[in-house]
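First comes the structure, then the notes that go with it.
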Amino acid sequence: MGNRLSPPAAIQETSLQQSVAGAPERVGARRPFGWWGKLLALLGLGLAFGAGWHFAGQHQHEHAKEALPAATGLAEWDRATVLVTVAPVTNRPVQRTVEAVGTLHAFEEIALASRVEGRVRQLRFEVADVVKPGELLLEIDPVDCDLAVQQAERALLVELAKLGLHEPPAGDIDLGAVPTVVQARTRMENAQARYERGRRLLANQAMADEEVGNLTADFRAAQAEHANQLLVARTALATVRMKQTELAVAQQRLKDTQVRVPLPRGAGATYAVTRRNVSEGTLVQPGTEVCKLIVNQTLKLRVPVPERYGPEVKADQKVEVSAAASPQPVAGVVTRINPAVEPTTRTFEVEIQVPNPQGTLKPGGFAKAAIFTRLDAAAPTVPLAGVVNFAGVNKVFLAENGRAREVPVTLGVQTTDWVEIAKPALPAGVPVITSGQTVLAADTPVTVSPAAKTATPPVR
């Protein structure tokens with residue numbers, strides 16, 4: 001009896017066997033619904049794995065929160081609050097600077113040109129050579145200039161011979177000692193003596209009026225001749241002066257065939273050659289540029305400064321100059337301030353003198369200048385860890401009455417340890433939250449770690 005099925009059970013078994021027998025055709029007809037079932041099963045498996053991961057992490061976090069009070073010395077801690085550390089706002093002396101970027105220039109930059117015409121006979125320099133004042137750079141063929149000097153000397157000797165001189169006089173000379181003038185004066189004196197004797201004879205009626213008239217004419221002619229010889233002597237002396245000048249010009253042209261390094265304004269300065277435009281055998285004309293020299297032991301940094309900093313930037317202020325070519329900043333000083341503002345850029349130019357004894361900095365390069373303007377003795381600062389940046393907005397959280405207060409701030413001077421709060425003004429000693437800000441919002445309950453309450457960052 002126990003092994004035999006009841007009629008209803010038999011009927012159910014028969015129906016089940018018939019269903020199994022016809023299963024392949026029905027399953028094949030409903031196959032797409034099977035793939036959806038698998039997808040739903042995978043989604044369910046993923047949700048189950050994520051829920052398990054969340055509960056495991058929450059359990060671990062609760063375990064950590066339970067262990068944290070003992071580590072920080074808290075006897076009791078409300079789990080609904082966020083455990084944070086704080087540091088007070090500290091007033092520090094902050095150096096104010098005006099920063100600008102400009103171009104380095106040589107202290108002196110000179111383009112040497114030829115002053116005479118000729119061919120370059122000898123070249124004694126190359127680009128990058130360091131040359132001293134007065135040193136010979138190049139020489140132009142001096143043959144033509146030498147001949148011009150000789151010609152001027154001969155012409156001067158001719159004019160000196162007319163005056164009976166062997167060398168040019170140092171100053172004014174007595175024209176009455178010139179031989180031609182002496183001769184004319186002697187004739188005039190003789191004619192005067194005859195004229196006076198004739199007048200006496202005429203008074204005694206010992207000479208005729210006609211003879212006295214002839215003596216008078218001879219005397220006047222002698223006077224004119226003497227005056228004329230004085231003019232000729234004066235003209236000869238002026239010609240001597242002119243020939244002296246011509247000789248000096250010819251000698252200067254001969255000297256100009258040697259192009260030498262000029263004397264700089266600064267004592268002990270040297271020049272560096274930055275460009276050479278001629279070679280040996282080149283025919284140069286007056287005004288042809290032959291080379292370019294610079295003084296680079298000291299450089300000039302010219303930077304544009306916005307006009308709003310006009311009252312702050314002054315002469316003799318110290319400057320820290322940074323350039324890519326120098327591993328360390330270089331100390332400079334403000335030497336000149338342009339009194340005019342450029343209308344297109346609304347900036348004024350500031351010239352900074354930068355020492356460059358080793359030649360590390362190069363003229364033409366870019367440099368950044370930080371001009372030290374004034375010192376703020378008490379600027380509010382907070383630790384760098386106390387500033388939070390979100391979506392481009394800087395803010396700090398203050399711990400007040402057990403809650404976090406969010407304050408948007410504007411940053412100022414920043415170092416690796418602290419940052420200045422330019423705006424708003426925060427009183428000294430206000431506690432700023434330095435950890436746990438990632439889970440904070442406005443009015444979030446907080447608990448301050450006792451170890452952080454007494455910690456005060458040192459003022460540097």
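Simple scheme: letters A, B, ... for chains in structure tokens order, numbers from 1 for residues in each chain, numbers from 1 for ligands in the order shown.
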
Q: Compile the contact shell of A:Gln244 as a ChimeraX atom specification: residues with an atom at most 9 Å away, counting only C-alpha atoms, same-chain residues fewer than 2 positions apart removed.
A: /A:152-153,156,168,239-242,246-249

Next, the residues of the selection above should be written as a PDB file, in the first residue's frame with N, CA and C atoms.
ATOM      1  N   ALA A 152     100.296 116.870 -44.802  1.00  0.00           N
ATOM      2  CA  ALA A 152      99.919 117.952 -43.894  1.00  0.00           C
ATOM      3  C   ALA A 152     101.140 118.530 -43.188  1.00  0.00           C
ATOM      4  N   GLU A 153     102.103 117.694 -42.868  1.00  0.00           N
ATOM      5  CA  GLU A 153     103.321 118.187 -42.231  1.00  0.00           C
ATOM      6  C   GLU A 153     104.099 119.103 -43.179  1.00  0.00           C
ATOM      7  N   LEU A 156     102.463 122.500 -43.508  1.00  0.00           N
ATOM      8  CA  LEU A 156     102.686 123.315 -42.315  1.00  0.00           C
ATOM      9  C   LEU A 156     104.067 123.947 -42.319  1.00  0.00           C
ATOM     10  N   PRO A 168     105.635 125.226 -35.076  1.00  0.00           N
ATOM     11  CA  PRO A 168     104.451 126.035 -34.738  1.00  0.00           C
ATOM     12  C   PRO A 168     104.614 126.699 -33.375  1.00  0.00           C
ATOM     13  N   THR A 239      97.145 130.895 -41.270  1.00  0.00           N
ATOM     14  CA  THR A 239      97.332 129.718 -42.131  1.00  0.00           C
ATOM     15  C   THR A 239      98.111 128.630 -41.402  1.00  0.00           C
ATOM     16  N   VAL A 240      99.068 129.043 -40.590  1.00  0.00           N
ATOM     17  CA  VAL A 240      99.810 128.060 -39.782  1.00  0.00           C
ATOM     18  C   VAL A 240      98.860 127.323 -38.844  1.00  0.00           C
ATOM     19  N   ARG A 241      97.961 128.093 -38.205  1.00  0.00           N
ATOM     20  CA  ARG A 241      96.993 127.441 -37.306  1.00  0.00           C
ATOM     21  C   ARG A 241      96.106 126.460 -38.084  1.00  0.00           C
ATOM     22  N   MET A 242      95.693 126.856 -39.278  1.00  0.00           N
ATOM     23  CA  MET A 242      94.852 125.976 -40.079  1.00  0.00           C
ATOM     24  C   MET A 242      95.604 124.707 -40.477  1.00  0.00           C
ATOM     25  N   GLU A 246      94.794 120.780 -39.827  1.00  0.00           N
ATOM     26  CA  GLU A 246      94.775 119.749 -40.862  1.00  0.00           C
ATOM     27  C   GLU A 246      95.712 118.603 -40.511  1.00  0.00           C
ATOM     28  N   LEU A 247      96.855 118.949 -39.954  1.00  0.00           N
ATOM     29  CA  LEU A 247      97.783 117.901 -39.538  1.00  0.00           C
ATOM     30  C   LEU A 247      97.186 117.058 -38.406  1.00  0.00           C
ATOM     31  N   ALA A 248      96.503 117.724 -37.464  1.00  0.00           N
ATOM     32  CA  ALA A 248      95.875 116.983 -36.360  1.00  0.00           C
ATOM     33  C   ALA A 248      94.778 116.055 -36.880  1.00  0.00           C
ATOM     34  N   VAL A 249      94.015 116.527 -37.878  1.00  0.00           N
ATOM     35  CA  VAL A 249      92.975 115.677 -38.459  1.00  0.00           C
ATOM     36  C   VAL A 249      93.595 114.471 -39.148  1.00  0.00           C
TER      37      VAL A 249
END

Q | Contacts of A:Ala315 within 12 Å, only C-alpha atoms, excl. fewer than 4 positions in-chain, as a VMD selection string | A | chain A and resid 310 to 311 319 332 to 339 350 to 353 371 to 373

For the residues selected in the previous step, produce a file with N, CA and C atoms as a CSV table (one decimal), in the first residue's frame.
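Full text of part-v5.csv as output:
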chain,number,residue,atom,x,y,z
A,310,GLY,N,52.8,102.0,-7.5
A,310,GLY,CA,53.6,103.2,-7.6
A,310,GLY,C,54.0,103.7,-6.3
A,311,PRO,N,53.1,103.9,-5.3
A,311,PRO,CA,53.5,104.4,-4.0
A,311,PRO,C,54.5,103.5,-3.2
A,319,VAL,N,66.0,93.7,-3.9
A,319,VAL,CA,65.3,92.9,-4.8
A,319,VAL,C,65.9,91.5,-4.9
A,332,GLY,N,69.6,92.1,-5.8
A,332,GLY,CA,69.7,93.3,-6.6
A,332,GLY,C,69.2,94.5,-5.9
A,333,VAL,N,69.2,95.6,-6.5
A,333,VAL,CA,68.7,96.9,-5.9
A,333,VAL,C,68.1,97.7,-7.0
A,334,VAL,N,67.0,98.4,-6.6
A,334,VAL,CA,66.3,99.3,-7.5
A,334,VAL,C,67.1,100.5,-7.7
A,335,THR,N,67.5,100.9,-8.9
A,335,THR,CA,68.3,102.0,-9.2
A,335,THR,C,67.5,103.2,-9.9
A,336,ARG,N,66.6,102.8,-10.8
A,336,ARG,CA,65.8,103.9,-11.5
A,336,ARG,C,64.4,103.5,-11.6
A,337,ILE,N,63.5,104.5,-11.5
A,337,ILE,CA,62.0,104.3,-11.7
A,337,ILE,C,61.5,105.3,-12.7
A,338,ASN,N,60.9,104.8,-13.7
A,338,ASN,CA,60.4,105.7,-14.8
A,338,ASN,C,59.3,106.5,-14.2
A,339,PRO,N,59.3,107.8,-14.4
A,339,PRO,CA,58.2,108.6,-13.8
A,339,PRO,C,56.9,108.6,-14.6
A,350,VAL,N,60.7,99.8,-14.1
A,350,VAL,CA,61.6,99.8,-12.9
A,350,VAL,C,62.9,99.1,-13.4
A,351,GLU,N,64.0,99.8,-13.1
A,351,GLU,CA,65.4,99.3,-13.5
A,351,GLU,C,66.1,98.8,-12.2
A,352,ILE,N,66.5,97.5,-12.3
A,352,ILE,CA,67.1,96.9,-11.1
A,352,ILE,C,68.6,96.5,-11.5
A,353,GLN,N,69.5,96.9,-10.7
A,353,GLN,CA,70.9,96.6,-10.9
A,353,GLN,C,71.2,95.3,-10.3
A,371,ILE,N,60.5,92.6,-5.4
A,371,ILE,CA,60.9,93.8,-4.8
A,371,ILE,C,60.4,93.9,-3.4
A,372,PHE,N,61.3,94.0,-2.4
A,372,PHE,CA,60.9,94.0,-1.0
A,372,PHE,C,60.4,95.5,-0.7
A,373,THR,N,59.1,95.6,-0.5
A,373,THR,CA,58.5,96.9,-0.3
A,373,THR,C,58.4,97.3,1.2

**Q.** Polymer residues at most 8 Å from A:Val303, only C-alpha atoms, same-chain spacing of 3 or more positions, as a ChimeraX atom specification
**A.** /A:100-103,349-351,369

Written selection (C-alpha atoms) as a PDB file, in the first residue's frame:
ATOM      1  CA  ALA A 100      57.329  91.288 -11.896  1.00  0.00           C
ATOM      2  CA  VAL A 101      58.988  89.588 -14.861  1.00  0.00           C
ATOM      3  CA  GLY A 102      61.324  91.420 -17.200  1.00  0.00           C
ATOM      4  CA  THR A 103      64.372  91.207 -19.445  1.00  0.00           C
ATOM      5  CA  GLU A 349      59.325 100.582 -15.855  1.00  0.00           C
ATOM      6  CA  VAL A 350      61.637  99.819 -12.941  1.00  0.00           C
ATOM      7  CA  GLU A 351      65.357  99.280 -13.505  1.00  0.00           C
ATOM      8  CA  ALA A 369      62.060  90.105  -9.586  1.00  0.00           C
TER       9      ALA A 369
END

Q: Would you list the contacts of A:Leu263 as a PyMOL selection string, taking every protein, DNA or RNA residue within 12 Å and counting only C-alpha atoms, but skipping same-chain residues closer than 4 positions in sequence?
A: chain A and resi 108+110+131-135+267-271+293+295

(Q) Using only C-alpha atoms, can you tell me which of A:Val127, A:Lys395, A:Val430, A:Leu299 comes closest to A:Pro357? (A) A:Leu299

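Among A:Gln358, A:Thr381, A:Gln251, A:Thr415, the residue with the shortest atom-to-atom distance to A:Asp146, counting only C-alpha atoms, is A:Gln251.
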
Q. Smallest atom-to-atom distance to A:Val178: which of A:Glu109, A:Pro327, A:Leu398, A:Lys162, using only C-alpha atoms?
A.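 Of all the options, A:Lys162 lies closest to A:Val178.
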
Q: Mind giving me the straight-line distance from atom CA of A:Ser449 to atom CA of A:Val89 in Å, one decimal?
A: 17.1 Å

Q | For A:Val354, the nearest of the candidates A:Arg405, A:Arg154, A:Arg199, A:Lys300, counting only C-alpha atoms | A | A:Lys300

(Q) To test your reading of the structure, identify every residue in stretch 110-235 of chain A that backbone DSSP assigns to alpha helix (DSSP H), and report it as a ChimeraX atom specification. (A) /A:143-162,179-203,209-235

Q: Please identify which residues in stretch 122-254 of chain A DSSP calls strand (DSSP E or B) from the backbone, and express them as a ChimeraX atom specification.
A: /A:122-123,130-131,136-140
